[in-house]
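Source file structure.cif; content: mmCIF, C-alpha atoms.
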```cif
data_data
loop_
_atom_site.label_atom_id
_atom_site.label_comp_id
_atom_site.auth_asym_id
_atom_site.auth_seq_id
_atom_site.Cartn_x
_atom_site.Cartn_y
_atom_site.Cartn_z
CA MET A 145 -82.16 117.76 180.80
CA GLY A 146 -82.88 114.30 179.38
CA LYS A 147 -80.18 112.20 177.76
CA ASN A 148 -82.16 112.03 174.50
CA LYS A 149 -82.33 115.82 174.24
CA LEU A 150 -78.61 116.21 174.78
CA GLN A 151 -77.94 113.57 172.15
CA ARG A 152 -80.24 115.31 169.67
CA TYR A 153 -78.64 118.69 170.33
CA ALA A 154 -75.25 117.18 169.57
CA GLU A 155 -76.52 115.45 166.44
CA ASN A 156 -78.08 118.68 165.15
CA LYS A 157 -74.60 120.14 164.81
CA GLU A 158 -73.72 117.33 162.39
CA LEU A 159 -76.91 117.39 160.29
CA GLU A 160 -76.43 119.22 157.00
CA ASN A 161 -80.04 120.40 156.91
CA VAL A 162 -79.92 122.07 160.35
CA ILE A 163 -78.49 125.56 160.85
CA GLU A 164 -78.00 126.94 164.34
CA HIS A 165 -77.15 130.50 165.25
CA GLY A 166 -76.39 132.59 168.29
CA ALA A 167 -75.96 130.60 171.49
CA PHE A 168 -76.61 127.39 169.56
CA GLY A 169 -73.97 127.60 166.84
CA GLU A 170 -72.23 129.88 164.35
CA ASP A 171 -73.12 133.56 164.59
CA ASP A 172 -71.74 135.00 161.35
CA PHE A 173 -75.12 135.26 159.52
CA SER A 174 -73.23 134.41 156.35
CA HIS A 175 -76.32 133.20 154.48
CA LYS A 176 -78.24 136.46 154.88
CA GLY A 177 -79.50 137.54 151.46
CA ARG A 178 -78.13 134.39 149.80
CA TRP A 179 -80.15 131.52 151.24
CA ALA A 180 -81.53 130.28 147.93
CA GLN A 181 -78.18 130.36 146.13
CA GLU A 182 -75.83 129.24 148.91
CA VAL A 183 -77.97 126.94 151.06
CA PHE A 184 -80.31 125.41 148.48
CA GLY A 185 -78.21 125.89 145.36
CA ASN A 186 -81.04 127.38 143.29
CA LYS A 187 -83.14 130.51 142.77
CA ASN A 188 -86.46 129.09 143.97
CA PRO A 189 -88.75 131.03 146.32
CA ILE A 190 -88.38 130.47 150.05
CA ILE A 191 -91.29 129.59 152.34
CA VAL A 192 -90.83 129.50 156.11
CA GLU A 193 -92.82 127.77 158.83
CA LEU A 194 -92.55 129.71 162.08
CA ALA A 195 -92.54 127.81 165.39
CA CYS A 196 -92.41 124.69 163.23
CA GLY A 197 -92.17 122.21 166.12
CA LYS A 198 -91.45 118.78 164.66
CA GLY A 199 -91.55 120.18 161.13
CA GLU A 200 -94.56 118.20 159.97
CA TYR A 201 -95.98 121.04 157.89
CA THR A 202 -92.56 122.04 156.60
CA THR A 203 -91.77 118.58 155.27
CA SER A 204 -95.29 117.96 153.96
CA LEU A 205 -95.25 121.20 151.98
CA ALA A 206 -91.75 120.49 150.68
CA GLU A 207 -92.86 117.07 149.46
CA ARG A 208 -95.70 118.66 147.48
CA PHE A 209 -93.64 121.53 146.06
CA PRO A 210 -90.17 120.31 145.01
CA ASN A 211 -89.56 123.56 143.09
CA LYS A 212 -89.77 125.68 146.24
CA ASN A 213 -87.43 125.97 149.23
CA PHE A 214 -88.72 125.46 152.77
CA ILE A 215 -87.24 126.47 156.12
CA GLY A 216 -88.69 125.33 159.44
CA ILE A 217 -87.83 127.75 162.23
CA ASP A 218 -88.01 126.97 165.94
CA ILE A 219 -86.03 127.44 169.14
CA LYS A 220 -86.55 123.86 170.36
CA GLY A 221 -83.57 121.83 169.17
CA ASP A 222 -85.03 118.42 169.97
CA ARG A 223 -88.15 119.16 167.90
CA ILE A 224 -86.10 120.45 164.98
CA TRP A 225 -84.08 117.23 165.11
CA LYS A 226 -87.24 115.21 164.43
CA GLY A 227 -88.14 117.34 161.41
CA ALA A 228 -84.61 117.24 160.06
CA LYS A 229 -84.43 113.46 160.36
CA ARG A 230 -87.79 113.11 158.61
CA ALA A 231 -86.60 115.31 155.74
CA ILE A 232 -83.47 113.18 155.36
CA GLU A 233 -85.47 109.95 155.40
CA GLN A 234 -87.75 111.33 152.67
CA ASN A 235 -84.81 112.65 150.61
CA LEU A 236 -86.17 116.20 150.71
CA ASP A 237 -83.31 118.37 149.46
CA ASN A 238 -85.51 121.48 149.51
CA VAL A 239 -85.83 121.56 153.32
CA ARG A 240 -83.69 123.20 155.99
CA PHE A 241 -84.26 123.90 159.66
CA LEU A 242 -83.07 127.03 161.42
CA ARG A 243 -82.79 127.16 165.19
CA CYS A 244 -83.20 130.75 166.29
CA PHE A 245 -85.51 133.22 168.01
CA ILE A 246 -88.27 134.36 165.66
CA ASP A 247 -88.01 137.98 166.77
CA HIS A 248 -84.43 137.98 165.39
CA LEU A 249 -85.41 136.92 161.86
CA ASP A 250 -84.17 140.13 160.24
CA GLN A 251 -80.66 139.19 161.40
CA TYR A 252 -80.77 136.02 159.29
CA PHE A 253 -82.69 137.13 156.17
CA SER A 254 -82.67 140.16 153.90
CA LYS A 255 -85.55 142.24 152.61
CA GLY A 256 -87.47 140.40 149.90
CA GLU A 257 -85.94 137.01 150.70
CA ILE A 258 -89.07 135.27 152.06
CA HIS A 259 -92.03 134.53 149.79
CA GLU A 260 -94.52 133.07 152.26
CA PHE A 261 -95.05 132.47 156.00
CA TRP A 262 -96.87 129.53 157.61
CA ILE A 263 -97.82 129.62 161.29
CA THR A 264 -99.40 126.35 162.39
CA PHE A 265 -100.70 125.92 165.93
CA PRO A 266 -98.36 128.37 167.67
CA ASP A 267 -98.51 129.15 171.37
CA PRO A 268 -101.54 131.53 171.56
CA PHE A 269 -100.18 133.37 174.63
CA LEU A 270 -103.65 133.76 176.10
CA LYS A 271 -102.74 136.28 178.81
CA LYS A 272 -103.46 139.84 177.74
CA SER A 273 -100.04 140.87 179.02
CA ASP A 274 -98.45 138.39 176.57
CA ALA A 275 -100.22 139.72 173.45
CA LYS A 276 -96.97 141.05 171.98
CA LYS A 277 -95.58 137.50 171.96
CA ARG A 278 -98.29 136.26 169.59
CA LEU A 279 -96.80 135.52 166.18
CA THR A 280 -99.49 137.59 164.42
CA SER A 281 -99.06 140.64 166.65
CA PRO A 282 -98.11 143.99 165.07
CA LYS A 283 -94.61 143.54 166.51
CA PHE A 284 -94.04 140.30 164.59
CA LEU A 285 -95.74 141.47 161.39
CA SER A 286 -93.29 144.37 161.29
CA ILE A 287 -90.41 141.88 161.57
CA TYR A 288 -91.82 139.75 158.75
CA ARG A 289 -92.06 142.82 156.50
CA LYS A 290 -88.33 143.41 156.93
CA ILE A 291 -87.55 140.11 155.18
CA ALA A 292 -90.61 139.54 152.98
CA GLU A 293 -91.28 140.00 149.30
CA GLU A 294 -93.73 142.77 148.47
CA SER A 295 -96.50 140.25 147.76
CA ALA A 296 -95.74 137.91 150.69
CA THR A 297 -98.61 136.15 152.44
CA VAL A 298 -99.09 134.84 155.97
CA HIS A 299 -101.10 131.67 156.72
CA LEU A 300 -102.34 131.01 160.25
CA LYS A 301 -103.84 127.70 161.32
CA THR A 302 -104.92 127.47 164.97
CA ASP A 303 -107.34 125.86 167.37
CA SER A 304 -107.32 128.99 169.55
CA GLU A 305 -110.35 131.18 168.94
CA GLN A 306 -108.74 133.95 170.97
CA LEU A 307 -105.64 134.00 168.75
CA PHE A 308 -107.83 133.82 165.65
CA ARG A 309 -109.99 136.81 166.72
CA PHE A 310 -106.90 138.74 167.76
CA THR A 311 -105.36 138.11 164.33
CA GLU A 312 -108.55 139.31 162.64
CA TRP A 313 -108.39 142.48 164.73
CA VAL A 314 -104.76 143.10 163.72
CA ILE A 315 -105.59 142.52 160.04
CA GLU A 316 -108.51 144.93 160.18
CA ASN A 317 -106.56 147.52 162.14
CA GLN A 318 -103.70 147.43 159.62
CA GLN A 319 -106.10 147.26 156.65
CA LEU A 320 -104.51 144.11 155.26
CA PRO A 321 -106.21 142.13 152.48
CA VAL A 322 -107.64 138.78 153.58
CA ILE A 323 -107.05 136.03 151.01
CA ARG A 324 -108.95 133.16 152.63
CA ARG A 325 -110.71 132.75 155.96
CA PHE A 326 -112.45 129.77 157.57
CA ASP A 327 -113.85 129.98 161.07
CA ASP A 328 -114.30 126.20 161.02
CA LEU A 329 -111.84 124.80 158.50
CA TYR A 330 -113.17 121.25 158.36
CA GLY A 331 -116.79 122.30 158.77
CA GLU A 332 -116.99 124.98 156.09
CA GLY A 333 -113.72 124.89 154.19
CA PRO A 334 -113.17 123.19 150.83
CA ALA A 335 -111.28 119.94 150.35
CA ASP A 336 -107.80 121.42 150.15
CA GLU A 337 -104.61 119.36 149.99
CA LEU A 338 -102.50 122.00 151.75
CA LEU A 339 -104.93 122.92 154.49
CA SER A 340 -105.74 119.30 155.25
CA ILE A 341 -102.15 118.55 156.31
CA LYS A 342 -102.50 117.61 159.97
CA THR A 343 -99.79 117.99 162.59
CA TYR A 344 -99.53 115.93 165.75
CA TYR A 345 -101.18 118.70 167.76
CA GLU A 346 -103.93 119.26 165.22
CA LYS A 347 -104.91 115.60 165.37
CA LYS A 348 -105.17 115.89 169.15
CA HIS A 349 -107.32 119.03 168.88
CA LEU A 350 -109.64 117.38 166.37
CA ALA A 351 -109.95 114.25 168.50
CA ALA A 352 -110.99 116.51 171.38
CA GLY A 353 -113.72 118.05 169.19
CA ARG A 354 -112.10 121.47 168.80
CA LYS A 355 -112.66 123.69 165.77
CA ILE A 356 -109.70 124.58 163.57
CA HIS A 357 -109.51 128.17 162.36
CA PHE A 358 -107.59 129.33 159.28
CA ILE A 359 -106.82 132.70 157.78
CA SER A 360 -104.35 133.86 155.15
CA PHE A 361 -103.57 137.49 154.44
CA SER A 362 -101.17 139.80 152.68
CA LEU A 363 -98.54 141.74 154.61
CA THR A 364 -99.07 144.75 152.35
CA SER A 365 -102.04 147.04 152.96
#
```
What is this structure when it is put down as structure tokens?
Amino acid sequence: MGKNKLQRYAENKELENVIEHGAFGEDDFSHKGRWAQEVFGNKNPIIVELACGKGEYTTSLAERFPNKNFIGIDIKGDRIWKGAKRAIEQNLDNVRFLRCFIDHLDQYFSKGEIHEFWITFPDPFLKKSDAKKRLTSPKFLSIYRKIAEESATVHLKTDSEQLFRFTEWVIENQQLPVIRRFDDLYGEGPADELLSIKTYYEKKHLAAGRKIHFISFSLTS
């Protein structure tokens, strides 16, 4: 493991906007059901970015919506460190980062605690045998429902056509309402401040001439 990673892992434990659980830190789940009040000190809605990577979408959304709380969730501590440092540099008090496994989310949050889910350029797990690992699979949607508000929405932004079509299949199979859908976001989509936020990976995909797909949908049929 590189020296920089070890240094970042150590620094994460000192950053006030980083929370680590399980093998990475405290395991008392003390914030469950009280994130807004205890962690953010308010009653604002909570939006999470799953597999947030360097937290570019998390911090960009937080900058645009100071009256909402944002949590970037990832298992990669060195990536979370970058997002946390950016949030501190930009004085974003409405941002936190949680290092944990996404399939354990119901251990950290209570029913009705999450208002919205963003999934931006996740690993598409292209092998058929890995379909259950996709963050829009029925397995993960059932986990999200355990912590979501009744009207919670999921936003997926991806360059993977396979993941996009798979997500459409799951939505249709579960009879979930589609809110917005763009097969080619920058070719057919409107000028939208939120959807035009570009992560490091998205810029690379666009430079390579790849289409960006977007779909948002409700978790309630």
Determine, using only C-alpha atoms, which residues of range 240-295 of chain A have any atom at most 9 Å from an atom of range 313-317 of chain A, and tabulate each with its shortest atom pair and distance in Å to one decimal place, rows ordered by chain and then rising number, as a tab-separated table.
```
residue	atom	partner	partner_atom	distance
A:Thr280	CA	A:Val314	CA	7.7
A:Ser281	CA	A:Val314	CA	6.9
A:Pro282	CA	A:Val314	CA	6.8
```
Q: List the residues matched by the PyMOL selection byres ((chain A and resi 305) around 12) in the displayed structure as a list in words, ordered by chain and then by residue number.
A: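 Listing what the PyMOL selection byres ((chain A and resi 305) around 12) selects in the shown file: Phe265, Pro268, Phe269, Leu270, Leu300, Lys301, Thr302, Asp303, Ser304, Gln306, Leu307, Phe308, Arg309, Phe310, Thr311, Glu312, Phe326, Asp327, Asp328, Arg354, Lys355, Ile356, His357, Phe358 and Ile359 of chain A.
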**Q.** Residue nearest Gly353 in chain A - candidates A:Asp336, A:Tyr330, A:Ile263, A:Lys255, atoms counted: all atoms listed in the file
**A.** A:Tyr330
Q: Excluding Arg289 in chain A and any residue of its chain fewer than 6 positions from it, enumerate the residues within 10 Å of it, using all atoms listed in the file, and give them as a list of chain:residue names.
A: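 Close residues of Arg289 in chain A: A:Asp250, A:Lys255, A:Gly256, A:Ile258, A:Ala296, A:Leu363, A:Thr364.
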Q. Leaving out Ser295 in chain A and any residue of its chain fewer than 2 positions from it, which residues lie within 12 Å of it when counting all atoms listed in the file, given as JSON, numbers by chain?
A. {"A": [256, 257, 258, 259, 260, 261, 288, 289, 291, 292, 293, 297, 298, 320, 321, 323, 361, 362, 363, 364, 365]}
Generate a file of the selected residues that holds C-alpha atoms, formatted as a short mmCIF file (atom, residue, chain, number, x, y, z; two decimals), in the coordinates of the input.
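As a result, selection-v9.cif now contains:
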```
data_model
loop_
_atom_site.label_atom_id
_atom_site.label_comp_id
_atom_site.auth_asym_id
_atom_site.auth_seq_id
_atom_site.Cartn_x
_atom_site.Cartn_y
_atom_site.Cartn_z
CA GLY A 256 -87.47 140.40 149.90
CA GLU A 257 -85.94 137.01 150.70
CA ILE A 258 -89.07 135.27 152.06
CA HIS A 259 -92.03 134.53 149.79
CA GLU A 260 -94.52 133.07 152.26
CA PHE A 261 -95.05 132.47 156.00
CA TYR A 288 -91.82 139.75 158.75
CA ARG A 289 -92.06 142.82 156.50
CA ILE A 291 -87.55 140.11 155.18
CA ALA A 292 -90.61 139.54 152.98
CA GLU A 293 -91.28 140.00 149.30
CA THR A 297 -98.61 136.15 152.44
CA VAL A 298 -99.09 134.84 155.97
CA LEU A 320 -104.51 144.11 155.26
CA PRO A 321 -106.21 142.13 152.48
CA ILE A 323 -107.05 136.03 151.01
CA PHE A 361 -103.57 137.49 154.44
CA SER A 362 -101.17 139.80 152.68
CA LEU A 363 -98.54 141.74 154.61
CA THR A 364 -99.07 144.75 152.35
CA SER A 365 -102.04 147.04 152.96
#
```
Q: Work out how far apart CA of Leu194 in chain A and CA of Ile246 in chain A are and give it in Å to one decimal.
A: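 Separation of CA of Leu194 in chain A and CA of Ile246 in chain A: 7.3 Å.
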Q: Find, counting all atoms listed in the file, the residue in A:Arg230, A:Lys198, A:Arg243, A:Arg178 that gets nearest to Val162 in chain A.
A: A:Arg243
Q.
Distance cut-off 6 Å, centre (-91.2, 121.9, 157.7) in file coordinates, counting all atoms listed in the file: which residues qualify? Return them as a list in words.
A.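 Collected hits near the coordinates: Gly199, Glu200, Tyr201, Thr202, Thr203 and Gly216 of chain A.
Proximity of A:Arg223, A:Val239, A:Ala206, A:Ala231 to Trp179 in chain A, computed with all atoms listed in the file, is greatest for A:Val239.
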**Q.** Which of A:Lys348, A:His175, A:Lys271, A:Lys149 sits closest to Ile224 in chain A [using all atoms listed in the file]
**A.**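 Distance minimum relative to Ile224 in chain A lands on A:Lys149.
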Q.
Residues near Ile232 in chain A, anyone? I mean within 10 Å using all atoms listed in the file, not counting same-chain ones fewer than 4 positions away, as a PyMOL selection string.
A. chain A and resi 159-161+203+227-228+236-237+239
Would you save the residues from that selection as a PDB file, in the coordinates of the input, using C-alpha atoms?
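Dumped everything to result-v9.pdb:
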```pdb
ATOM      1  CA  LEU A 159     -76.910 117.390 160.290  1.00  0.00           C
ATOM      2  CA  GLU A 160     -76.430 119.220 157.000  1.00  0.00           C
ATOM      3  CA  ASN A 161     -80.040 120.400 156.910  1.00  0.00           C
ATOM      4  CA  THR A 203     -91.770 118.580 155.270  1.00  0.00           C
ATOM      5  CA  GLY A 227     -88.140 117.340 161.410  1.00  0.00           C
ATOM      6  CA  ALA A 228     -84.610 117.240 160.060  1.00  0.00           C
ATOM      7  CA  LEU A 236     -86.170 116.200 150.710  1.00  0.00           C
ATOM      8  CA  ASP A 237     -83.310 118.370 149.460  1.00  0.00           C
ATOM      9  CA  VAL A 239     -85.830 121.560 153.320  1.00  0.00           C
TER      10      VAL A 239
END
```
**Q.** Atomic distance CA of Gln319 in chain A - CA of Ala275 in chain A, expressed in Å with one decimal
**A.**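 According to the coordinates, CA of Gln319 in chain A and CA of Ala275 in chain A are separated by 19.3 Å.
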